[in-house]
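Raw contents of work_23.txt, compact mmCIF, C-alpha atoms and all ligand atoms:
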# COMPACT_ATOMS: atom_id res chain seq x y z
CA MET A 56 -71.83 103.02 24.16
CA THR A 57 -72.76 106.63 23.66
CA ASP A 58 -69.69 108.18 25.30
CA ILE A 59 -66.46 106.70 23.90
CA ARG A 60 -63.28 107.94 25.58
CA LYS A 61 -59.63 107.00 25.22
CA ILE A 62 -59.06 104.62 28.13
CA ALA A 63 -55.62 103.46 29.34
CA PHE A 64 -55.15 100.40 31.56
CA ILE A 65 -51.98 100.45 33.65
CA GLY A 66 -51.15 96.77 34.21
CA ALA A 67 -52.19 93.92 31.89
CA GLY A 68 -52.91 91.28 34.52
CA ASN A 69 -55.83 88.95 35.10
CA MET A 70 -58.35 91.66 35.88
CA THR A 71 -57.40 93.96 33.01
CA GLN A 72 -57.56 91.04 30.59
CA SER A 73 -61.04 90.17 31.87
CA ILE A 74 -62.35 93.74 31.66
CA VAL A 75 -60.79 94.58 28.30
CA GLY A 76 -61.86 91.23 26.81
CA GLY A 77 -65.43 91.93 27.93
CA MET A 78 -65.31 95.54 26.69
CA VAL A 79 -64.17 94.55 23.21
CA SER A 80 -66.83 91.80 23.05
CA SER A 81 -69.46 94.32 24.04
CA GLY A 82 -68.46 96.68 21.22
CA TYR A 83 -66.10 99.21 22.84
CA PRO A 84 -63.77 100.24 19.98
CA ALA A 85 -60.40 98.52 20.44
CA GLU A 86 -58.55 101.50 18.95
CA GLN A 87 -59.67 103.60 21.93
CA ILE A 88 -58.25 101.10 24.44
CA PHE A 89 -54.60 101.28 25.56
CA VAL A 90 -52.83 98.81 27.85
CA SER A 91 -49.37 98.99 29.42
CA ASN A 92 -47.30 96.40 31.24
CA PRO A 93 -43.59 96.07 32.06
CA SER A 94 -43.18 92.67 30.39
CA SER A 95 -44.30 92.04 26.81
CA ALA A 96 -45.96 88.58 26.69
CA LYS A 97 -49.39 89.68 28.01
CA LEU A 98 -49.33 92.75 25.79
CA GLU A 99 -48.58 90.67 22.72
CA LYS A 100 -51.47 88.35 23.55
CA MET A 101 -53.90 91.24 24.07
CA GLN A 102 -52.69 92.97 20.94
CA SER A 103 -53.12 89.89 18.79
CA THR A 104 -56.43 88.65 20.23
CA LEU A 105 -58.18 91.97 20.93
CA SER A 106 -56.38 94.47 18.66
CA VAL A 107 -55.97 96.97 21.49
CA ASN A 108 -53.02 99.40 21.61
CA THR A 109 -50.18 98.32 23.85
CA SER A 110 -47.04 99.83 25.34
CA GLN A 111 -44.39 99.02 27.94
CA ASP A 112 -44.43 102.67 28.98
CA ASN A 113 -47.20 103.60 31.45
CA ALA A 114 -46.70 107.35 31.00
CA GLU A 115 -46.96 107.15 27.23
CA ILE A 116 -50.47 105.66 27.26
CA ALA A 117 -51.61 107.66 30.30
CA GLN A 118 -50.60 110.91 28.64
CA GLN A 119 -52.85 110.44 25.63
CA ALA A 120 -55.84 108.96 27.49
CA ASP A 121 -58.97 110.63 28.87
CA VAL A 122 -59.40 107.85 31.43
CA ILE A 123 -56.63 106.05 33.35
CA VAL A 124 -57.43 102.70 34.96
CA LEU A 125 -54.94 101.77 37.67
CA ALA A 126 -54.83 97.97 37.60
CA VAL A 127 -51.63 96.96 39.37
CA LYS A 128 -51.33 95.10 42.66
CA PRO A 129 -51.99 97.29 45.72
CA GLN A 130 -48.39 96.98 46.92
CA LEU A 131 -47.14 98.57 43.67
CA MET A 132 -49.71 101.34 43.54
CA LYS A 133 -47.74 104.03 45.35
CA ASP A 134 -44.69 103.73 43.06
CA VAL A 135 -46.77 103.46 39.90
CA CYS A 136 -48.76 106.58 40.86
CA ALA A 137 -45.61 108.50 41.78
CA ALA A 138 -44.13 107.76 38.35
CA LEU A 139 -47.32 108.90 36.61
CA GLN A 140 -47.47 112.01 38.75
CA ALA A 141 -43.94 112.89 37.70
CA SER A 142 -44.41 112.29 33.99
CA VAL A 143 -48.02 112.90 32.92
CA ASP A 144 -49.31 116.45 32.31
CA ASN A 145 -52.79 117.56 33.32
CA LEU A 146 -53.62 114.58 35.52
CA SER A 147 -56.49 116.51 37.04
CA GLU A 148 -58.17 116.70 33.62
CA LYS A 149 -58.29 112.94 33.36
CA LEU A 150 -60.73 110.59 35.02
CA ILE A 151 -58.84 108.20 37.34
CA ILE A 152 -60.30 104.74 37.89
CA THR A 153 -58.68 102.35 40.33
CA ILE A 154 -59.61 98.70 40.66
CA ALA A 155 -57.16 97.96 43.48
CA ALA A 156 -58.55 96.36 46.60
CA GLY A 157 -58.25 98.21 49.87
CA ILE A 158 -56.47 101.47 49.02
CA ARG A 159 -58.69 104.46 49.78
CA MET A 160 -59.21 107.62 47.75
CA PRO A 161 -57.24 110.06 49.94
CA LYS A 162 -54.12 107.97 49.26
CA TYR A 163 -54.54 108.46 45.51
CA ARG A 164 -54.90 112.20 46.02
CA GLN A 165 -51.68 112.07 48.02
CA TYR A 166 -49.85 109.96 45.40
CA LEU A 167 -51.18 111.69 42.28
CA ASN A 168 -52.62 115.12 42.88
CA ASP A 169 -55.15 116.78 45.18
CA ASP A 170 -57.51 117.72 42.36
CA ILE A 171 -58.01 114.34 40.67
CA ARG A 172 -61.45 112.99 39.81
CA ILE A 173 -61.39 109.42 41.04
CA ILE A 174 -63.75 106.45 41.00
CA ARG A 175 -62.98 103.17 42.76
CA VAL A 176 -64.34 100.12 40.98
CA MET A 177 -64.30 96.62 42.44
CA PRO A 178 -64.83 94.28 39.49
CA ASN A 179 -64.51 90.51 39.22
CA THR A 180 -63.01 88.17 36.64
CA PRO A 181 -66.31 86.93 35.13
CA SER A 182 -66.26 90.32 33.36
CA LEU A 183 -64.37 88.35 30.71
CA VAL A 184 -67.57 86.51 29.80
CA SER A 185 -69.73 89.62 30.32
CA LYS A 186 -71.08 88.24 33.61
CA GLY A 187 -69.08 90.51 35.89
CA MET A 188 -70.30 92.13 39.09
CA SER A 189 -68.68 95.50 39.72
CA GLY A 190 -69.09 97.76 42.72
CA LEU A 191 -68.38 101.48 42.33
CA VAL A 192 -67.88 104.46 44.57
CA ALA A 193 -66.95 107.98 43.45
CA ASP A 194 -65.18 110.96 44.91
CA GLU A 195 -67.41 114.05 45.22
CA ARG A 196 -65.42 115.76 42.44
CA VAL A 197 -66.66 113.23 39.89
CA ASP A 198 -69.54 114.53 37.79
CA ASP A 199 -72.63 112.76 36.46
CA ALA A 200 -71.17 112.38 32.95
CA ASP A 201 -68.12 110.55 34.39
CA LYS A 202 -70.39 108.31 36.46
CA ALA A 203 -72.61 107.56 33.47
CA TYR A 204 -69.53 106.77 31.34
CA ILE A 205 -67.99 104.32 33.78
CA THR A 206 -71.35 102.72 34.57
CA GLU A 207 -71.80 102.06 30.86
CA VAL A 208 -68.30 100.57 30.56
CA PHE A 209 -68.84 98.13 33.42
CA ASP A 210 -72.49 97.42 32.50
CA GLY A 211 -71.00 96.30 29.18
CA VAL A 212 -69.10 93.54 30.99
CA GLY A 213 -71.80 92.56 33.50
CA GLU A 214 -73.73 94.39 36.20
CA THR A 215 -72.86 97.41 38.30
CA LEU A 216 -73.79 98.42 41.81
CA TRP A 217 -72.97 101.89 43.16
CA VAL A 218 -72.29 101.86 46.90
CA SER A 219 -72.37 104.78 49.29
CA ASP A 220 -68.88 104.60 50.76
CA GLU A 221 -65.56 102.79 50.76
CA ASP A 222 -66.48 100.59 53.76
CA GLN A 223 -69.25 99.13 51.62
CA LEU A 224 -66.83 98.65 48.73
CA ASP A 225 -64.59 96.57 51.02
CA ILE A 226 -67.57 94.31 51.77
CA LEU A 227 -68.68 94.11 48.17
CA GLY A 228 -65.11 93.22 47.22
CA ALA A 229 -65.01 90.45 49.81
CA VAL A 230 -68.27 88.97 48.47
CA ALA A 231 -68.24 89.68 44.72
CA GLY A 232 -64.63 90.56 43.92
CA SER A 233 -63.26 87.49 45.72
CA GLY A 234 -66.45 85.45 45.26
CA PRO A 235 -65.46 83.70 42.03
CA ALA A 236 -62.49 82.19 43.92
CA TYR A 237 -64.78 80.82 46.64
CA PHE A 238 -67.07 79.46 43.99
CA PHE A 239 -64.23 77.76 42.09
CA GLU A 240 -63.05 76.26 45.38
CA PHE A 241 -66.52 74.83 45.98
CA MET A 242 -66.75 73.58 42.39
CA ALA A 243 -63.34 71.94 42.67
CA GLY A 244 -64.51 70.11 45.80
CA LEU A 245 -67.60 68.75 44.01
CA GLN A 246 -65.45 67.76 41.05
CA LYS A 247 -62.97 65.92 43.30
CA ALA A 248 -65.86 64.10 44.97
CA ALA A 249 -67.15 62.88 41.59
CA VAL A 250 -63.64 61.79 40.58
CA SER A 251 -63.10 59.97 43.88
CA LEU A 252 -66.24 57.96 43.14
CA GLY A 253 -65.02 56.91 39.69
CA PHE A 254 -65.74 59.63 37.10
CA ASP A 255 -62.95 60.91 34.90
CA THR A 256 -62.00 64.57 35.40
CA ALA A 257 -63.53 65.84 32.15
CA LYS A 258 -66.94 64.31 32.86
CA ALA A 259 -66.80 65.40 36.51
CA ARG A 260 -66.01 68.96 35.45
CA GLU A 261 -68.79 69.01 32.88
CA MET A 262 -71.41 67.91 35.38
CA VAL A 263 -70.20 70.37 38.02
CA GLN A 264 -69.94 73.42 35.77
CA GLN A 265 -73.31 72.87 34.11
CA THR A 266 -74.97 72.29 37.49
CA CYS A 267 -73.48 75.46 38.97
CA LEU A 268 -74.34 77.50 35.88
CA GLY A 269 -77.90 76.17 35.88
CA ALA A 270 -78.34 76.85 39.60
CA ALA A 271 -76.94 80.39 39.30
CA GLU A 272 -79.13 81.20 36.30
CA MET A 273 -82.17 79.76 38.06
CA ALA A 274 -81.47 81.81 41.18
CA LYS A 275 -81.18 84.93 39.03
CA ALA A 276 -84.35 84.22 37.04
CA SER A 277 -86.47 83.34 40.08
CA GLU A 278 -88.10 85.57 42.66
CA LEU A 279 -88.11 82.73 45.19
CA GLU A 280 -85.84 82.81 48.23
CA LEU A 281 -82.68 80.70 47.87
CA ALA A 282 -83.91 78.46 50.70
CA GLU A 283 -87.10 77.78 48.71
CA LEU A 284 -85.12 76.91 45.59
CA ARG A 285 -83.08 74.52 47.72
CA ALA A 286 -86.24 73.01 49.15
CA GLN A 287 -87.51 72.34 45.62
CA VAL A 288 -84.54 70.02 45.07
CA THR A 289 -84.72 68.37 48.45
CA SER A 290 -87.29 65.58 48.32
CA LYS A 291 -88.50 64.44 51.71
CA GLY A 292 -86.60 61.30 52.68
CA GLY A 293 -84.54 61.54 49.50
CA SER A 294 -80.85 61.76 48.66
CA THR A 295 -80.39 65.56 48.52
CA ALA A 296 -81.54 65.87 52.14
CA LYS A 297 -78.60 63.71 53.19
CA GLY A 298 -76.14 65.81 51.18
CA VAL A 299 -77.55 69.12 52.46
CA GLU A 300 -77.42 67.79 56.02
CA ALA A 301 -73.69 67.14 55.59
CA TYR A 302 -73.13 70.76 54.49
CA GLN A 303 -75.23 72.08 57.36
CA ASN A 304 -73.40 69.90 59.89
CA ALA A 305 -70.14 71.39 58.63
CA ASP A 306 -71.68 74.87 59.09
CA LEU A 307 -71.39 76.06 55.49
CA ASP A 308 -73.08 79.38 56.44
CA GLY A 309 -70.53 79.92 59.20
CA ILE A 310 -67.67 79.12 56.81
CA SER A 311 -68.97 81.71 54.30
CA GLU A 312 -69.28 84.34 57.03
CA THR A 313 -65.75 83.62 58.26
CA ALA A 314 -64.41 83.82 54.69
CA VAL A 315 -66.09 87.15 53.91
CA LYS A 316 -65.01 88.69 57.23
CA ALA A 317 -61.41 87.56 56.65
CA ALA A 318 -61.40 89.16 53.19
CA VAL A 319 -62.95 92.41 54.51
CA LYS A 320 -60.27 92.50 57.22
CA ARG A 321 -57.53 92.10 54.60
CA ASN A 322 -59.04 94.94 52.54
CA GLN A 323 -58.88 97.13 55.65
CA GLU A 324 -55.29 96.09 56.31
CA MET A 325 -54.30 96.90 52.71
CA ALA A 326 -55.86 100.35 53.15
CA GLU A 327 -53.37 100.95 55.96
CA LEU A 328 -50.37 99.22 54.36
CA PHE A 329 -50.38 100.68 50.84
N1 LIG B 401 -58.02 89.36 40.08
C1 LIG B 401 -59.20 89.73 40.55
O1 LIG B 401 -60.16 88.93 40.58
C2 LIG B 401 -59.43 91.12 41.03
C3 LIG B 401 -58.39 92.02 41.17
N2 LIG B 401 -58.63 93.29 41.62
C4 LIG B 401 -57.52 94.24 41.73
O2 LIG B 401 -56.96 94.39 40.45
C5 LIG B 401 -55.58 94.71 40.58
C6 LIG B 401 -54.80 93.80 39.65
O3 LIG B 401 -55.01 92.47 40.05
P1 LIG B 401 -54.73 91.26 39.06
O4 LIG B 401 -55.08 91.65 37.67
O5 LIG B 401 -55.36 90.07 39.66
O6 LIG B 401 -53.14 91.16 39.23
P2 LIG B 401 -52.06 90.59 38.22
O7 LIG B 401 -50.83 90.31 39.02
O8 LIG B 401 -52.64 89.52 37.38
O9 LIG B 401 -51.78 91.86 37.29
C7 LIG B 401 -51.03 92.95 37.66
C8 LIG B 401 -50.25 93.38 36.42
O10 LIG B 401 -49.53 94.56 36.73
C9 LIG B 401 -48.31 94.46 36.03
N3 LIG B 401 -47.33 95.39 36.59
C10 LIG B 401 -46.38 95.17 37.52
N4 LIG B 401 -45.66 96.29 37.73
C11 LIG B 401 -46.19 97.24 36.91
C12 LIG B 401 -45.86 98.58 36.65
N5 LIG B 401 -44.86 99.20 37.29
N6 LIG B 401 -46.58 99.24 35.72
C13 LIG B 401 -47.59 98.63 35.04
N7 LIG B 401 -47.95 97.36 35.26
C14 LIG B 401 -47.26 96.67 36.19
C15 LIG B 401 -47.89 93.03 36.15
O11 LIG B 401 -46.95 92.73 35.16
P3 LIG B 401 -45.93 91.48 35.28
O12 LIG B 401 -46.74 90.27 35.52
O13 LIG B 401 -45.26 91.50 33.95
O14 LIG B 401 -45.06 91.83 36.43
C16 LIG B 401 -49.24 92.34 35.94
O15 LIG B 401 -49.44 92.04 34.59
C17 LIG B 401 -55.20 94.53 42.03
O16 LIG B 401 -54.99 95.79 42.60
C18 LIG B 401 -56.40 93.82 42.64
O17 LIG B 401 -56.64 94.24 43.96
C19 LIG B 401 -59.89 93.74 41.90
C20 LIG B 401 -60.95 92.90 41.78
C21 LIG B 401 -60.82 91.52 41.36
O1 LIG B 402 -57.50 89.05 46.05
C1 LIG B 402 -57.57 90.27 45.91
O2 LIG B 402 -57.03 91.03 46.72
C2 LIG B 402 -58.35 90.84 44.75
C3 LIG B 402 -59.50 91.68 45.21
C4 LIG B 402 -60.74 90.91 44.88
C5 LIG B 402 -60.25 89.78 44.11
N1 LIG B 402 -58.96 89.78 44.00

Encoded form using structure tokens:
Amino acid sequence: MTDIRKIAFIGAGNMTQSIVGGMVSSGYPAEQIFVSNPSSAKLEKMQSTLSVNTSQDNAEIAQQADVIVLAVKPQLMKDVCAALQASVDNLSEKLIITIAAGIRMPKYRQYLNDDIRIIRVMPNTPSLVSKGMSGLVADERVDDADKAYITEVFDGVGETLWVSDEDQLDILGAVAGSGPAYFFEFMAGLQKAAVSLGFDTAKAREMVQQTCLGAAEMAKASELELAELRAQVTSKGGSTAKGVEAYQNADLDGISETAVKAAVKRNQEMAELF
């Protein structure tokens, strides 16, 4: 990192723990990271495992930070922002990052202040193991130094993709933000199948996770189309063809499209609701 700023995470939930864990592993100085949460257990864990600064007072850490990351559930965002607006000086001098799904930038200007510099980031939990995929979109008031800073932070925990507008961020969120959940669902199904045929859970899990990891790494390393990689596994008249046929008969592509569209729709609904 070339540009180290004091960064305060409001909310110490799953996503903050993934991002901060990945940041510390990638060398971001823990003493420049602040995390707040109403209850203490998650803070104590983060303090002891990552040596970051913690507080149960959002305003206290926001006040001293250069960058504020809003990482609470969308339904709490309005109240959390209102409390910050009432208690933190010079909000417009700070860079505001929000990772909440759905809620659009004009709402934050309404809740915080008209002059804020704001970037929306849509990360995912594999940030914890530095394999995250984060989408970003910035308000026009954000300058190149802010963009470079936040790109470097999220590149440190995986890969980043800037998108042109918030509609695209909703789609990216439905694919990459939610994607790990779809993937775990699929993995759990494979694991259950192995168990139902006689393997114990530990062995079933090992074979599923290593297979998925290998396939994902191969897809990333290869320039071949995914269909070609699939064809390489599928011997003519062999066993894979029968398995793939079962997935195709159940319309796996159609299921994925339905899932992504449902998640996009919910992002749009949350934009209206919160
Ligand atoms: N999880 C994911 O994969 C992704 C999540 N996101 C977004 O990240 C945000 C957080 O999600 P996630 O981490 O999963 O949610 P979690 O519920 O795990 O975390 C939210 C945290 O906020 C805390 N909190 C509640 N009230 C306040 C408050 N007033 N001030 C400060 N903190 C508060 C909660 O504390 P307590 O538990 O003690 O009440 C909890 O620790 C959401 O907006 C979501 O849309 C985006 C991309 C991916
Ligand atoms: O489920 C959610 O709303 C958030 C956004 C992407 C992943 N989790």

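For the atom pair formed by atom CA of Lys316 of chain A and atom CA of Val127 of chain A, the distance is 23.8 Å, given to one decimal.
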
Looking at A:Lys258, A:Lys247, A:Arg196, A:Lys186, which one is nearest to Ser147 of chain A, with distances taken over all atoms listed in the file? A:Arg196

From the list A:Tyr166, A:Phe89, A:Phe239, A:Phe329, which residue is nearest Gln102 of chain A when using all atoms listed in the file? A:Phe89

Write out as JSON lines the residues of chain A that have any atom within 7 Å of an atom of ligand LIG 402 (chain B), one row each with the nearest atom pair and its distance in Å to one decimal, counting all atoms listed in the file, sorted by chain and then rising number.
{"residue": "A:Ala155", "atom": "CA", "partner": "B:LIG402", "partner_atom": "C3", "distance": 6.9}
{"residue": "A:Ala156", "atom": "CA", "partner": "B:LIG402", "partner_atom": "C3", "distance": 5.0}
{"residue": "A:Asn179", "atom": "CA", "partner": "B:LIG402", "partner_atom": "C5", "distance": 6.5}
{"residue": "A:Gly228", "atom": "CA", "partner": "B:LIG402", "partner_atom": "C4", "distance": 5.5}
{"residue": "A:Ala229", "atom": "CA", "partner": "B:LIG402", "partner_atom": "C4", "distance": 6.5}
{"residue": "A:Gly232", "atom": "CA", "partner": "B:LIG402", "partner_atom": "C4", "distance": 4.0}
{"residue": "A:Ser233", "atom": "CA", "partner": "B:LIG402", "partner_atom": "C5", "distance": 4.1}

Would you compute an axis-aligned box for ligand LIG 401 (chain B), covering every atom listed for it in the file with 6 Å of margin on each side, and report centre and edge lengths in Å to one decimal as AutoDock Vina command-line options?
--center_x -52.9 --center_y 94.1 --center_z 39.0 --size_x 28.1 --size_y 22.3 --size_z 22.0

Report as a PyMOL selection string which protein, DNA and RNA residues come within 6 Å of ligand LIG 401 (chain B), using all atoms listed in the file. chain A and resi 65-71+91-94+126-129+135+154-156+177-180+232

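Across the structure, atom CA of Lys97 of chain A and atom CA of Ser182 of chain A are spaced 17.7 Å apart.
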
Would you kindly return, as a PyMOL selection string, each protein, DNA or RNA residue with an atom no farther than 10 Å from any atom of segment 323-327 of chain A, considering all atoms listed in the file and excluding same-chain residues fewer than 5 positions away? chain A and resi 129-130+155-160+162+222+225-226+317-318

Residues of the last selection are to be written out with C-alpha atoms, as a short mmCIF file (atom, residue, chain, number, x, y, z; two decimals), in the frame of the given file.
data_model
loop_
_atom_site.label_atom_id
_atom_site.label_comp_id
_atom_site.auth_asym_id
_atom_site.auth_seq_id
_atom_site.Cartn_x
_atom_site.Cartn_y
_atom_site.Cartn_z
CA PRO A 129 -51.99 97.29 45.72
CA GLN A 130 -48.39 96.98 46.92
CA ALA A 155 -57.16 97.96 43.48
CA ALA A 156 -58.55 96.36 46.60
CA GLY A 157 -58.25 98.21 49.87
CA ILE A 158 -56.47 101.47 49.02
CA ARG A 159 -58.69 104.46 49.78
CA MET A 160 -59.21 107.62 47.75
CA LYS A 162 -54.12 107.97 49.26
CA ASP A 222 -66.48 100.59 53.76
CA ASP A 225 -64.59 96.57 51.02
CA ILE A 226 -67.57 94.31 51.77
CA ALA A 317 -61.41 87.56 56.65
CA ALA A 318 -61.40 89.16 53.19
#

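The coordinates place atom CA of Gly187 of chain A at 5.8 Å from atom CA of Val212 of chain A.
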
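Between Lys149 of chain A and the residues A:Asp170, A:Asp121, A:Glu86, A:Asp255, the shortest atom-to-atom distance, using only C-alpha atoms, involves A:Asp121.
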
Could you pull the residues within 9 Å of Gln119 of chain A, counting all atoms listed in the file, minus those fewer than 5 positions along the same chain, as an mmCIF file with C-alpha atoms, in the frame of the given file?
data_model
loop_
_atom_site.group_PDB
_atom_site.id
_atom_site.type_symbol
_atom_site.label_atom_id
_atom_site.label_comp_id
_atom_site.auth_asym_id
_atom_site.auth_seq_id
_atom_site.Cartn_x
_atom_site.Cartn_y
_atom_site.Cartn_z
ATOM 1 C CA LYS A 61 -59.630 107.000 25.220
ATOM 2 C CA ILE A 62 -59.060 104.620 28.130
ATOM 3 C CA ALA A 63 -55.620 103.460 29.340
ATOM 4 C CA ALA A 114 -46.700 107.350 31.000
#

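The closest residue to Asp220 of chain A, picked from A:Leu105, A:Ile174, A:Ala243, A:Ala259 and counting only C-alpha atoms, is A:Ile174.
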
Env of Asp198 of chain A: 10 Å cut, atoms = only C-alpha atoms, seq-sep filter 5 positions within chain, self excluded. Answer as a VMD selection string. chain A and resid 172 193 203

Contacts of Gly77 of chain A within 9 Å, all atoms listed in the file, excl. fewer than 2 positions in-chain, as a CSV table (one decimal) with C-alpha atoms, keeping the file's coordinate frame:
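Saved file around-v2.csv follows:
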chain,number,residue,atom,x,y,z
A,72,GLN,CA,-57.6,91.0,30.6
A,73,SER,CA,-61.0,90.2,31.9
A,74,ILE,CA,-62.4,93.7,31.7
A,75,VAL,CA,-60.8,94.6,28.3
A,79,VAL,CA,-64.2,94.6,23.2
A,80,SER,CA,-66.8,91.8,23.0
A,81,SER,CA,-69.5,94.3,24.0
A,82,GLY,CA,-68.5,96.7,21.2
A,83,TYR,CA,-66.1,99.2,22.8
A,181,PRO,CA,-66.3,86.9,35.1
A,182,SER,CA,-66.3,90.3,33.4
A,183,LEU,CA,-64.4,88.4,30.7
A,184,VAL,CA,-67.6,86.5,29.8
A,185,SER,CA,-69.7,89.6,30.3
A,186,LYS,CA,-71.1,88.2,33.6
A,187,GLY,CA,-69.1,90.5,35.9
A,209,PHE,CA,-68.8,98.1,33.4
A,211,GLY,CA,-71.0,96.3,29.2
A,212,VAL,CA,-69.1,93.5,31.0
A,213,GLY,CA,-71.8,92.6,33.5

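In this comparison, which uses only C-alpha atoms, the residue of A:Cys136, A:Ala236, A:Val122, A:Ala301 approaching Gln165 of chain A most closely is A:Cys136.
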
I'd like the neighbourhood of Asn145 of chain A as number ranges by chain, where a residue qualifies if any of its atoms comes within 10 Å (using all atoms listed in the file), though same-chain residues fewer than 5 positions away should be ignored. A: 118, 140, 168, 171

Create the file for the chosen residues now, containing C-alpha atoms and written as a short mmCIF file (atom, residue, chain, number, x, y, z; two decimals), in the coordinates of the input.
data_model
loop_
_atom_site.label_atom_id
_atom_site.label_comp_id
_atom_site.auth_asym_id
_atom_site.auth_seq_id
_atom_site.Cartn_x
_atom_site.Cartn_y
_atom_site.Cartn_z
CA GLN A 118 -50.60 110.91 28.64
CA GLN A 140 -47.47 112.01 38.75
CA ASN A 168 -52.62 115.12 42.88
CA ILE A 171 -58.01 114.34 40.67
#

Please report, as a tab-separated table, each residue of segment 137-242 of chain A lying at most 10 Å from segment 265-279 of chain A, together with the nearest pair of atoms and the separation in Å rounded to one decimal; use all atoms listed in the file, and order rows by chain and ascending residue number.
residue	atom	partner	partner_atom	distance
A:Phe238	CA	A:Cys267	CA	9.1
A:Phe241	CA	A:Cys267	CA	9.9
A:Met242	CA	A:Cys267	CA	7.8
